[in-house]
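Reading through the structure tokens given below for one structure.
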Amino acid sequence: MSVNKIKVTVNNKVFEEEIDSRLLLVDFIRENLGLTGTHVGCDTTNCGACTVLLDGKPVKSCTVFALQANGKSITTIEGLSHGKEMHPIQKAFLDKNGLQCGYCTAGMIMIAHWLIRKNPEATRDEIREAISGNLCRCTGYDSIVDSIQEASQNMIPEEEEDITAGQRGR
Amino acid sequence: MSTIEEIVQGKGKFVDDIVLPGMQHMSVIRSNYSRGKILGISGGYTFKDFPAYMSSVGEGASEGEKNMREPVLADKYVNYIGEPVAAVLGKNRYEAEDLSEKVEIEIEPLTPMMDPEKSIDAPPVYPYMKSNIYKKVTLGRDFRTDGFEVEIEGHFNNRRVATNPIEPRGIVAAYEDNQLTVWISTQSVHSIKEGLSEVLSMPEDNIRVIQADTGGAFGLKGGLYSEYALAAFLAKKTGKPVKWIESRREHLMASRPGRGTSAFVKLYANRSGRILGMKGKVIVDSGAYSGGSGEFAARFVGMQMTGPYKIENAYVEAYPVFTNKVVQGPYRGAGRPEAHFFIERMIDMLADKLKMDPVDVRLINTVNSEFKSPLGMDVPPAKEFLEEAISKLNYRKLYKEKPGFAFFVLVPAFQPGETARIKIENNEVKVWLGGNTHGQRHDIFVKTLVNEGLGINRDLVHLQLGDTSMLKSGIGSWGSRSAMVGGMAVHEACKKIKQAFIAKNGIYSADALLKEGADEFVHWRGEGTMNSLGCNLVTCEVNDRGQVKVKECAAYYDVGRALSPEVVRGQVSGGMAQGIGQTLYEEIMYSDDGQLLTASIADAGVPIASQLPEYKVLLSNTRSNLATGAKGVGESPTIGVPIALSRAIENVTGVKITETPIRQELLLRSMKH
Ligand code: FES
Ligand code: FES
């Protein structure tokens, strides 16, 4: 076992930790930091339940070593709400029944977050394409597409820069 | 139970989120062969440490053949790939996996029995069995077949499909002062308790089972598994809590898949399309041990094989058979999709033979009165509903687009009803149900029914997760039953509370009740059946690479009173995705020599968003005769969609469809002509 030191910013907070070099990012997030909103569904890069943003880009954290996040900034589902106020994507998922069991939801919301910033006008087909690395076994996806579409109409683009840049507090 | 608001913010509490002091992680060492003789095991906990056998509990449970019960850990032989052979504990998942590498198992491979249809006539794999058939079932009465004008036959297969909820199976077990406590992702805490009590030979009173937020189940999480018994045993043995979380690969090889049922069917009719008789032989790929759902499925599939049609003569022989695969379990629909696939494919074939519109053949064979089929199924009055469905789904208008059509009876698991407890205290209402919600949002119908029954504001009503210490008995959440039977239990409990309040105080007041409090347990018992009807329509395109794109995917279902229309819509959409998945992509596949070919969730074919269409969901809102008005819904789309989609593909390509999944190669070959 080789131990390494990493420094990462997670949801705007800086963490310095000693970790085993083989530790996966998802386990670092869930076990070391106790942020259990990010889930493991397949451990083989198929389901996207473990999706987080790494320097603003979506990654499947079950297939990234924690070490690879050294010096970078991570946003997880827990980093989206402002205190009690839910993020517009979270609100849209509630509004449009974008979840049933909720196990895939964190991953879906993180990928939606990235998509909406990249392409705020995404069509339904483009949304489907964008979430095709994320599996949902409950909804059949149509209500997830509804949710993302609604969210993209309610999000104010500049405000979103802050969250994923992750360097500034609010 | 975490609220939906908590879950959407990442604050749910799923079983893998539970951490207890001193908790160890269990890793299971499994057989790499589908069949073999164990020559030696070194390391880990083995059968010698825990010489116990599985118990069959939950949905589709059966007594099973005594000789053929599954050991918790393999003894002498391994009988399926993925079968647990040994277990180790580590302080975290990484360490447990490292330790599992050190366990050595020597197995002498033997030729496995992989094909259920061959197994039926082959000499028994085990000398103490008379044949490879667990228990033959016959339904209806055999009849003479001379003198019918038309006779057609077909051979169909629905291959095995993994349930694949996105949250895998998992358990945390702790043992202290003679008391076992487990937290688990489940559809039924009471089934788990009953099963653990049997396997561990522990009194039920010393076991408490608590449900964690459950990330989908679809039939998977209703019963007991070896790993649960093992985790509980090791918690007891070591005195420290044990966690086990399934990997996806383990899910695909060692959790119980559904379907895996084939049939030979004959239909007898006259030239105008009236069906006069049906004969079937059903073969259920039951897997390597008795006590899975195979024995139940054989009878259940057989019973439904005349579909919603008035067929006076029917006879079915059904065979749950041994194969060297993990035992079969229920998967959403659990026998309903298979039975209807068989009869509905035959109806389409009959229409082709007689050059009739398949929908007209369906109309000719339905009546407007109730009908008890010779196989024992209660068919609701069907004709009027079918006419309505044909018009609502625009079948005639869409005719040019070559739609496929399906018509079916949904037979929910109505009996033996369900339990509920309502406790009013400190100005809030807590509700426990015997069937545990795992994504279907039972909290919504509970709020609605308590609001209707007691006039209490919905916001004060909170559904709780399953917990055997809070609810003394319960059945489970499966078989399209929860809103129906769980709903009735809530309704009855409200009624009792209200009556007691009035008896004591004269007039009823919700505010006063909230202050005074109440605590009521009810087991509401369903009598008879509560079957309902449904239709699906599907159109599709097939490109020159043999890829299918579903265009119109529509449903018209009699769900009774939809207690929450949004939830019903969600249930139907999700079920349609699974219906499309089964038809086009999903399968658990083995090579002839028993190697597992589908080792990732992508190989197993769970559909992704870009493969699926938008859905059209239409409901006929006719109340049932229950006080709540509800009927079943959850499994309907998994019944109707494979049928309608198969026919649509047949219409577009001209390729005869007899099995699911429909392989791309099959369509590709035909496109070349
Ligand atoms: S858990 Fe990472 S992709 Fe499935
Ligand atoms: S809501 Fe259950 S997996 Fe998506």
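Chain identifiers are assigned as A, B, and so on, following the order in which chains appear in the structure tokens; residues are numbered from 1 within each chain, and ligands are numbered from 1 in order of appearance.
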Cut-off 6 Å, only C-alpha atoms and all ligand atoms, neighbours of ligand 2 as a ChimeraX atom specification: /A:99-105,136-139 /B:166,215-216
Using C-alpha atoms, can you export the residues from the last selection as a compact mmCIF listing (two decimals), in the first residue's frame?
```txt
# COMPACT_ATOMS: atom_id res chain seq x y z
CA LEU A 99 -37.02 10.41 -9.93
CA GLN A 100 -38.67 7.36 -8.49
CA CYS A 101 -36.23 5.41 -6.30
CA GLY A 102 -33.71 8.24 -6.59
CA TYR A 103 -30.64 6.07 -6.83
CA CYS A 104 -29.59 7.37 -10.25
CA THR A 105 -30.64 10.93 -9.49
CA CYS A 136 -32.13 4.81 -14.84
CA ARG A 137 -34.13 1.64 -14.34
CA CYS A 138 -37.25 3.26 -12.87
CA THR A 139 -38.48 6.17 -14.94
CA ILE B 166 -29.40 0.63 -10.29
CA GLY B 215 -33.01 2.02 -4.91
CA GLY B 216 -35.32 -0.01 -7.11
```
Which chain A residues are at most 8 Å from chain B (counting only C-alpha atoms), as a PDB file with N, CA and C atoms, in the first residue's frame?
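File produced: selection08.pdb:
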```pdb
ATOM      1  N   THR A  36     -22.368  10.871   0.917  1.00  0.00           N
ATOM      2  CA  THR A  36     -22.931   9.635   0.367  1.00  0.00           C
ATOM      3  C   THR A  36     -24.023   9.881  -0.673  1.00  0.00           C
ATOM      4  N   GLY A  37     -24.191  11.118  -1.083  1.00  0.00           N
ATOM      5  CA  GLY A  37     -25.159  11.395  -2.150  1.00  0.00           C
ATOM      6  C   GLY A  37     -24.715  10.851  -3.499  1.00  0.00           C
ATOM      7  N   THR A  38     -23.411  10.708  -3.683  1.00  0.00           N
ATOM      8  CA  THR A  38     -22.867  10.106  -4.907  1.00  0.00           C
ATOM      9  C   THR A  38     -22.926   8.590  -4.742  1.00  0.00           C
ATOM     10  N   VAL A  40     -22.836   4.337  -6.088  1.00  0.00           N
ATOM     11  CA  VAL A  40     -22.182   3.347  -6.950  1.00  0.00           C
ATOM     12  C   VAL A  40     -23.257   2.391  -7.450  1.00  0.00           C
ATOM     13  N   GLY A  41     -23.381   2.296  -8.764  1.00  0.00           N
ATOM     14  CA  GLY A  41     -24.396   1.402  -9.311  1.00  0.00           C
ATOM     15  C   GLY A  41     -23.800   0.206 -10.029  1.00  0.00           C
ATOM     16  N   CYS A  42     -22.598   0.397 -10.609  1.00  0.00           N
ATOM     17  CA  CYS A  42     -22.087  -0.701 -11.439  1.00  0.00           C
ATOM     18  C   CYS A  42     -20.602  -0.941 -11.250  1.00  0.00           C
ATOM     19  N   ASP A  43     -19.877   0.011 -10.769  1.00  0.00           N
ATOM     20  CA  ASP A  43     -18.417  -0.031 -10.628  1.00  0.00           C
ATOM     21  C   ASP A  43     -17.677  -0.383 -11.915  1.00  0.00           C
ATOM     22  N   THR A  44     -18.328  -0.228 -13.055  1.00  0.00           N
ATOM     23  CA  THR A  44     -17.670  -0.546 -14.331  1.00  0.00           C
ATOM     24  C   THR A  44     -17.889   0.541 -15.389  1.00  0.00           C
ATOM     25  N   ASN A  46     -20.461   2.092 -16.404  1.00  0.00           N
ATOM     26  CA  ASN A  46     -21.630   2.008 -17.269  1.00  0.00           C
ATOM     27  C   ASN A  46     -22.815   2.856 -16.819  1.00  0.00           C
ATOM     28  N   CYS A  47     -23.024   2.979 -15.510  1.00  0.00           N
ATOM     29  CA  CYS A  47     -24.335   3.469 -15.067  1.00  0.00           C
ATOM     30  C   CYS A  47     -24.388   4.960 -14.773  1.00  0.00           C
ATOM     31  N   ALA A  49     -24.164   6.514 -12.005  1.00  0.00           N
ATOM     32  CA  ALA A  49     -24.694   6.903 -10.693  1.00  0.00           C
ATOM     33  C   ALA A  49     -23.642   7.648  -9.880  1.00  0.00           C
ATOM     34  N   ILE A  77     -23.361  16.250  -5.665  1.00  0.00           N
ATOM     35  CA  ILE A  77     -24.764  16.614  -5.499  1.00  0.00           C
ATOM     36  C   ILE A  77     -24.980  17.484  -4.249  1.00  0.00           C
ATOM     37  N   GLU A  78     -24.187  17.217  -3.204  1.00  0.00           N
ATOM     38  CA  GLU A  78     -24.355  17.982  -1.958  1.00  0.00           C
ATOM     39  C   GLU A  78     -23.932  19.437  -2.139  1.00  0.00           C
ATOM     40  N   LEU A  80     -24.766  21.435  -4.571  1.00  0.00           N
ATOM     41  CA  LEU A  80     -25.626  22.216  -5.457  1.00  0.00           C
ATOM     42  C   LEU A  80     -26.606  23.142  -4.734  1.00  0.00           C
ATOM     43  N   SER A  81     -27.143  22.715  -3.616  1.00  0.00           N
ATOM     44  CA  SER A  81     -28.117  23.589  -2.950  1.00  0.00           C
ATOM     45  C   SER A  81     -27.391  24.742  -2.264  1.00  0.00           C
ATOM     46  N   MET A  86     -32.973  24.855  -2.767  1.00  0.00           N
ATOM     47  CA  MET A  86     -32.530  23.832  -3.703  1.00  0.00           C
ATOM     48  C   MET A  86     -32.077  24.447  -5.027  1.00  0.00           C
ATOM     49  N   GLN A  90     -32.552  20.511  -9.175  1.00  0.00           N
ATOM     50  CA  GLN A  90     -33.192  19.665  -8.162  1.00  0.00           C
ATOM     51  C   GLN A  90     -34.686  19.948  -8.108  1.00  0.00           C
ATOM     52  N   PHE A  93     -36.441  18.367 -11.018  1.00  0.00           N
ATOM     53  CA  PHE A  93     -36.611  16.908 -10.864  1.00  0.00           C
ATOM     54  C   PHE A  93     -37.809  16.606  -9.949  1.00  0.00           C
ATOM     55  N   LEU A  94     -38.010  17.438  -8.930  1.00  0.00           N
ATOM     56  CA  LEU A  94     -39.175  17.233  -8.054  1.00  0.00           C
ATOM     57  C   LEU A  94     -40.460  17.549  -8.809  1.00  0.00           C
ATOM     58  N   ASN A  97     -41.320  14.895 -11.726  1.00  0.00           N
ATOM     59  CA  ASN A  97     -41.181  13.465 -11.394  1.00  0.00           C
ATOM     60  C   ASN A  97     -39.956  12.835 -12.038  1.00  0.00           C
ATOM     61  N   GLN A 100     -37.796   8.267  -9.222  1.00  0.00           N
ATOM     62  CA  GLN A 100     -38.673   7.355  -8.486  1.00  0.00           C
ATOM     63  C   GLN A 100     -37.901   6.846  -7.271  1.00  0.00           C
ATOM     64  N   CYS A 101     -37.008   5.884  -7.461  1.00  0.00           N
ATOM     65  CA  CYS A 101     -36.235   5.409  -6.302  1.00  0.00           C
ATOM     66  C   CYS A 101     -35.146   6.399  -5.923  1.00  0.00           C
ATOM     67  N   GLY A 102     -34.688   7.196  -6.887  1.00  0.00           N
ATOM     68  CA  GLY A 102     -33.713   8.240  -6.586  1.00  0.00           C
ATOM     69  C   GLY A 102     -32.268   7.784  -6.580  1.00  0.00           C
ATOM     70  N   TYR A 103     -32.016   6.542  -6.919  1.00  0.00           N
ATOM     71  CA  TYR A 103     -30.638   6.072  -6.829  1.00  0.00           C
ATOM     72  C   TYR A 103     -29.763   6.635  -7.946  1.00  0.00           C
ATOM     73  N   CYS A 104     -30.359   6.839  -9.114  1.00  0.00           N
ATOM     74  CA  CYS A 104     -29.589   7.371 -10.248  1.00  0.00           C
ATOM     75  C   CYS A 104     -29.523   8.897 -10.238  1.00  0.00           C
ATOM     76  N   THR A 105     -30.334   9.507  -9.360  1.00  0.00           N
ATOM     77  CA  THR A 105     -30.645  10.928  -9.490  1.00  0.00           C
ATOM     78  C   THR A 105     -29.436  11.855  -9.370  1.00  0.00           C
ATOM     79  N   ALA A 106     -28.566  11.578  -8.407  1.00  0.00           N
ATOM     80  CA  ALA A 106     -27.410  12.468  -8.237  1.00  0.00           C
ATOM     81  C   ALA A 106     -26.606  12.522  -9.533  1.00  0.00           C
ATOM     82  N   ASP A 125     -33.798  15.436 -27.913  1.00  0.00           N
ATOM     83  CA  ASP A 125     -32.875  14.414 -28.415  1.00  0.00           C
ATOM     84  C   ASP A 125     -31.456  14.642 -27.913  1.00  0.00           C
ATOM     85  N   ARG A 128     -31.311  13.485 -24.392  1.00  0.00           N
ATOM     86  CA  ARG A 128     -31.229  12.017 -24.352  1.00  0.00           C
ATOM     87  C   ARG A 128     -29.812  11.547 -24.654  1.00  0.00           C
ATOM     88  N   GLU A 129     -29.218  12.147 -25.657  1.00  0.00           N
ATOM     89  CA  GLU A 129     -27.851  11.776 -26.023  1.00  0.00           C
ATOM     90  C   GLU A 129     -26.903  12.044 -24.848  1.00  0.00           C
ATOM     91  N   ILE A 131     -27.450  12.206 -21.663  1.00  0.00           N
ATOM     92  CA  ILE A 131     -27.591  11.364 -20.459  1.00  0.00           C
ATOM     93  C   ILE A 131     -27.466   9.879 -20.789  1.00  0.00           C
ATOM     94  N   SER A 132     -26.998   9.575 -21.976  1.00  0.00           N
ATOM     95  CA  SER A 132     -26.934   8.165 -22.361  1.00  0.00           C
ATOM     96  C   SER A 132     -25.799   7.384 -21.708  1.00  0.00           C
ATOM     97  N   GLY A 133     -24.967   8.071 -20.933  1.00  0.00           N
ATOM     98  CA  GLY A 133     -23.998   7.343 -20.107  1.00  0.00           C
ATOM     99  C   GLY A 133     -24.517   7.131 -18.702  1.00  0.00           C
ATOM    100  N   ASN A 134     -25.760   7.508 -18.485  1.00  0.00           N
ATOM    101  CA  ASN A 134     -26.355   7.367 -17.154  1.00  0.00           C
ATOM    102  C   ASN A 134     -27.584   6.482 -17.249  1.00  0.00           C
ATOM    103  N   LEU A 135     -27.622   5.442 -16.433  1.00  0.00           N
ATOM    104  CA  LEU A 135     -28.762   4.532 -16.492  1.00  0.00           C
ATOM    105  C   LEU A 135     -29.781   4.860 -15.411  1.00  0.00           C
ATOM    106  N   CYS A 136     -31.050   4.770 -15.804  1.00  0.00           N
ATOM    107  CA  CYS A 136     -32.131   4.813 -14.835  1.00  0.00           C
ATOM    108  C   CYS A 136     -33.008   3.611 -15.132  1.00  0.00           C
ATOM    109  N   ARG A 137     -33.323   2.843 -14.126  1.00  0.00           N
ATOM    110  CA  ARG A 137     -34.127   1.640 -14.343  1.00  0.00           C
ATOM    111  C   ARG A 137     -35.592   1.890 -13.984  1.00  0.00           C
ATOM    112  N   CYS A 138     -35.886   3.041 -13.372  1.00  0.00           N
ATOM    113  CA  CYS A 138     -37.248   3.260 -12.871  1.00  0.00           C
ATOM    114  C   CYS A 138     -38.131   4.080 -13.800  1.00  0.00           C
ATOM    115  N   THR A 139     -37.587   5.172 -14.335  1.00  0.00           N
ATOM    116  CA  THR A 139     -38.476   6.170 -14.941  1.00  0.00           C
ATOM    117  C   THR A 139     -38.738   5.959 -16.424  1.00  0.00           C
ATOM    118  N   GLY A 140     -37.878   5.199 -17.109  1.00  0.00           N
ATOM    119  CA  GLY A 140     -38.002   5.125 -18.564  1.00  0.00           C
ATOM    120  C   GLY A 140     -37.477   6.386 -19.236  1.00  0.00           C
ATOM    121  N   TYR A 141     -36.895   7.284 -18.450  1.00  0.00           N
ATOM    122  CA  TYR A 141     -36.161   8.494 -18.884  1.00  0.00           C
ATOM    123  C   TYR A 141     -37.025   9.679 -19.312  1.00  0.00           C
ATOM    124  N   ASP A 142     -38.261   9.485 -19.734  1.00  0.00           N
ATOM    125  CA  ASP A 142     -38.964  10.653 -20.291  1.00  0.00           C
ATOM    126  C   ASP A 142     -39.135  11.762 -19.266  1.00  0.00           C
ATOM    127  N   SER A 143     -39.399  11.375 -18.002  1.00  0.00           N
ATOM    128  CA  SER A 143     -39.580  12.420 -16.996  1.00  0.00           C
ATOM    129  C   SER A 143     -38.247  13.065 -16.620  1.00  0.00           C
TER     130      SER A 143
END
```
Spatial neighbours of segment 342-347 of chain B, max dist 10 Å, only C-alpha atoms, sep filter under 2 positions, as a ChimeraX atom specification: /B:152-158,262-267,273,275,278,280,282,301,304-309,337-340,349-353,358-359,361-362,365,405-408,640,643-644,646-647,656-659
Nearby residues (only C-alpha atoms) at most 12 Å from Gln68 of chain A, same-chain spacing under 4 positions excluded, as a short mmCIF file (atom, residue, chain, number, x, y, z; two decimals) with all heavy atoms, in the first residue's frame:
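Generated file (result-v8.cif):
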```
data_model
loop_
_atom_site.label_atom_id
_atom_site.label_comp_id
_atom_site.auth_asym_id
_atom_site.auth_seq_id
_atom_site.Cartn_x
_atom_site.Cartn_y
_atom_site.Cartn_z
N ASN A 4 -0.35 8.46 -0.15
CA ASN A 4 -0.08 9.74 -0.79
C ASN A 4 -0.93 10.81 -0.17
O ASN A 4 -1.99 10.54 0.38
CB ASN A 4 -0.44 9.67 -2.27
CG ASN A 4 0.47 8.74 -3.02
OD1 ASN A 4 1.49 9.14 -3.54
ND2 ASN A 4 0.10 7.47 -3.03
N LYS A 5 -0.46 12.00 -0.33
CA LYS A 5 -1.19 13.13 0.21
C LYS A 5 -1.91 13.83 -0.95
O LYS A 5 -1.31 14.03 -2.00
CB LYS A 5 -0.19 14.11 0.83
CG LYS A 5 -0.73 14.73 2.07
CD LYS A 5 0.28 15.60 2.73
CE LYS A 5 -0.42 16.20 3.93
NZ LYS A 5 0.47 16.54 4.98
N ILE A 6 -3.17 14.13 -0.76
CA ILE A 6 -3.82 14.94 -1.80
C ILE A 6 -4.50 16.16 -1.19
O ILE A 6 -4.86 16.17 -0.01
CB ILE A 6 -4.85 14.17 -2.66
CG1 ILE A 6 -5.96 13.59 -1.79
CG2 ILE A 6 -4.20 13.13 -3.52
CD1 ILE A 6 -7.15 13.13 -2.61
N LYS A 7 -4.66 17.14 -2.06
CA LYS A 7 -5.37 18.36 -1.66
C LYS A 7 -6.43 18.61 -2.72
O LYS A 7 -6.11 18.77 -3.90
CB LYS A 7 -4.37 19.51 -1.62
CG LYS A 7 -4.96 20.81 -1.13
CD LYS A 7 -3.86 21.86 -0.99
CE LYS A 7 -4.48 23.20 -0.63
NZ LYS A 7 -3.48 24.26 -0.57
N VAL A 8 -7.65 18.55 -2.31
CA VAL A 8 -8.74 18.79 -3.28
C VAL A 8 -9.76 19.74 -2.68
O VAL A 8 -9.90 19.84 -1.47
CB VAL A 8 -9.48 17.49 -3.67
CG1 VAL A 8 -8.67 16.63 -4.58
CG2 VAL A 8 -9.92 16.73 -2.44
N ILE A 19 -4.07 9.33 1.55
CA ILE A 19 -4.86 8.23 1.00
C ILE A 19 -3.99 7.15 0.39
O ILE A 19 -2.85 7.40 0.00
CB ILE A 19 -5.83 8.73 -0.11
CG1 ILE A 19 -5.04 9.47 -1.20
CG2 ILE A 19 -6.92 9.61 0.46
CD1 ILE A 19 -5.77 9.51 -2.50
N SER A 21 -2.95 4.90 -2.59
CA SER A 21 -2.89 5.36 -3.98
C SER A 21 -3.95 4.68 -4.86
O SER A 21 -4.32 5.18 -5.91
CB SER A 21 -1.51 5.12 -4.57
OG SER A 21 -1.20 3.76 -4.42
N ARG A 22 -4.44 3.50 -4.43
CA ARG A 22 -5.42 2.84 -5.29
C ARG A 22 -6.85 3.25 -4.97
O ARG A 22 -7.81 2.74 -5.57
CB ARG A 22 -5.28 1.33 -5.17
CG ARG A 22 -5.60 0.83 -3.78
CD ARG A 22 -5.53 -0.68 -3.73
NE ARG A 22 -5.78 -1.14 -2.37
CZ ARG A 22 -5.97 -2.41 -2.06
NH1 ARG A 22 -5.95 -3.33 -2.99
NH2 ARG A 22 -6.19 -2.76 -0.81
N LEU A 23 -7.01 4.15 -4.00
CA LEU A 23 -8.38 4.54 -3.60
C LEU A 23 -9.11 5.22 -4.77
O LEU A 23 -8.59 6.15 -5.39
CB LEU A 23 -8.31 5.51 -2.41
CG LEU A 23 -9.64 5.91 -1.81
CD1 LEU A 23 -10.27 4.74 -1.05
CD2 LEU A 23 -9.48 7.12 -0.88
N LEU A 24 -10.30 4.75 -5.04
CA LEU A 24 -11.08 5.36 -6.12
C LEU A 24 -11.70 6.66 -5.63
O LEU A 24 -12.03 6.80 -4.44
CB LEU A 24 -12.18 4.40 -6.57
CG LEU A 24 -11.68 3.10 -7.22
CD1 LEU A 24 -12.81 2.12 -7.41
CD2 LEU A 24 -10.98 3.40 -8.55
N LEU A 25 -11.90 7.55 -6.58
CA LEU A 25 -12.45 8.85 -6.21
C LEU A 25 -13.81 8.69 -5.52
O LEU A 25 -14.11 9.36 -4.54
CB LEU A 25 -12.56 9.73 -7.46
CG LEU A 25 -13.09 11.15 -7.24
CD1 LEU A 25 -12.23 11.92 -6.22
CD2 LEU A 25 -13.14 11.92 -8.56
N VAL A 26 -14.63 7.78 -6.03
CA VAL A 26 -15.96 7.63 -5.44
C VAL A 26 -15.87 7.19 -3.98
O VAL A 26 -16.63 7.65 -3.13
CB VAL A 26 -16.86 6.67 -6.25
CG1 VAL A 26 -16.40 5.22 -6.17
CG2 VAL A 26 -18.31 6.79 -5.81
N PHE A 28 -13.32 7.81 -1.99
CA PHE A 28 -12.81 8.98 -1.27
C PHE A 28 -13.97 9.91 -0.90
O PHE A 28 -14.10 10.35 0.24
CB PHE A 28 -11.79 9.72 -2.15
CG PHE A 28 -11.29 10.99 -1.56
CD1 PHE A 28 -10.37 10.97 -0.51
CD2 PHE A 28 -11.73 12.22 -2.05
CE1 PHE A 28 -9.91 12.16 0.05
CE2 PHE A 28 -11.26 13.41 -1.49
CZ PHE A 28 -10.35 13.38 -0.44
N LEU A 54 -15.55 17.29 -12.14
CA LEU A 54 -14.14 17.47 -11.80
C LEU A 54 -13.67 18.64 -12.64
O LEU A 54 -13.63 18.55 -13.87
CB LEU A 54 -13.37 16.18 -12.14
CG LEU A 54 -11.91 16.09 -11.73
CD1 LEU A 54 -11.75 16.21 -10.23
CD2 LEU A 54 -11.30 14.77 -12.21
N ASP A 55 -13.34 19.74 -11.95
CA ASP A 55 -13.06 21.00 -12.65
C ASP A 55 -14.15 21.30 -13.68
O ASP A 55 -13.87 21.67 -14.82
CB ASP A 55 -11.68 20.97 -13.32
CG ASP A 55 -10.56 21.24 -12.31
OD1 ASP A 55 -10.89 21.67 -11.17
OD2 ASP A 55 -9.39 20.99 -12.64
N VAL A 59 -17.27 13.39 -14.59
CA VAL A 59 -16.49 12.14 -14.64
C VAL A 59 -17.24 11.08 -13.85
O VAL A 59 -18.04 11.39 -12.97
CB VAL A 59 -15.08 12.29 -14.00
CG1 VAL A 59 -14.22 13.24 -14.80
CG2 VAL A 59 -15.16 12.72 -12.54
N SER A 61 -16.89 8.76 -11.15
CA SER A 61 -15.89 8.74 -10.08
C SER A 61 -15.52 7.32 -9.65
O SER A 61 -14.60 7.14 -8.88
CB SER A 61 -16.36 9.56 -8.89
OG SER A 61 -17.56 9.05 -8.36
N THR A 63 -14.30 5.32 -11.70
CA THR A 63 -13.23 4.90 -12.61
C THR A 63 -12.10 5.92 -12.63
O THR A 63 -11.32 5.98 -13.57
CB THR A 63 -13.81 4.71 -14.03
OG1 THR A 63 -15.11 4.18 -13.90
CG2 THR A 63 -12.99 3.74 -14.84
N VAL A 64 -12.05 6.75 -11.59
CA VAL A 64 -10.99 7.74 -11.47
C VAL A 64 -10.34 7.50 -10.11
O VAL A 64 -11.04 7.25 -9.13
CB VAL A 64 -11.59 9.17 -11.50
CG1 VAL A 64 -10.53 10.21 -11.23
CG2 VAL A 64 -12.31 9.43 -12.82
N LYS A 72 -7.37 19.55 -7.80
CA LYS A 72 -8.53 19.94 -8.60
C LYS A 72 -9.73 20.23 -7.72
O LYS A 72 -9.70 20.07 -6.50
CB LYS A 72 -8.85 18.81 -9.58
CG LYS A 72 -7.70 18.58 -10.56
CD LYS A 72 -8.13 17.76 -11.72
CE LYS A 72 -7.00 17.81 -12.75
NZ LYS A 72 -6.83 16.57 -13.44
N SER A 73 -10.78 20.58 -8.42
CA SER A 73 -11.97 20.97 -7.69
C SER A 73 -13.14 20.06 -8.09
O SER A 73 -13.34 19.77 -9.28
CB SER A 73 -12.25 22.43 -8.05
OG SER A 73 -13.60 22.69 -7.93
N ILE A 74 -13.86 19.59 -7.10
CA ILE A 74 -14.93 18.61 -7.33
C ILE A 74 -16.26 19.19 -6.87
O ILE A 74 -16.33 19.83 -5.81
CB ILE A 74 -14.64 17.32 -6.53
CG1 ILE A 74 -13.37 16.66 -7.04
CG2 ILE A 74 -15.82 16.36 -6.60
CD1 ILE A 74 -12.82 15.60 -6.12
#
```
Helix (DSSP H, G or I) positions in segment 68-168 of chain A, given as a PyMOL selection string: chain A and resi 68-69+77-79+88-95+105-118+124-130+142-154+157-165
Contacts of Ala562 of chain B within 8 Å, only C-alpha atoms, excl. fewer than 4 positions in-chain, as number ranges by chain: B: 568, 621, 630
Members of segment 255-405 of chain B assigned strand (DSSP E) by DSSP, as an NGL selection string: :B and (261-269 or 275-287 or 313-322 or 371-372 or 378-379 or 404-405)
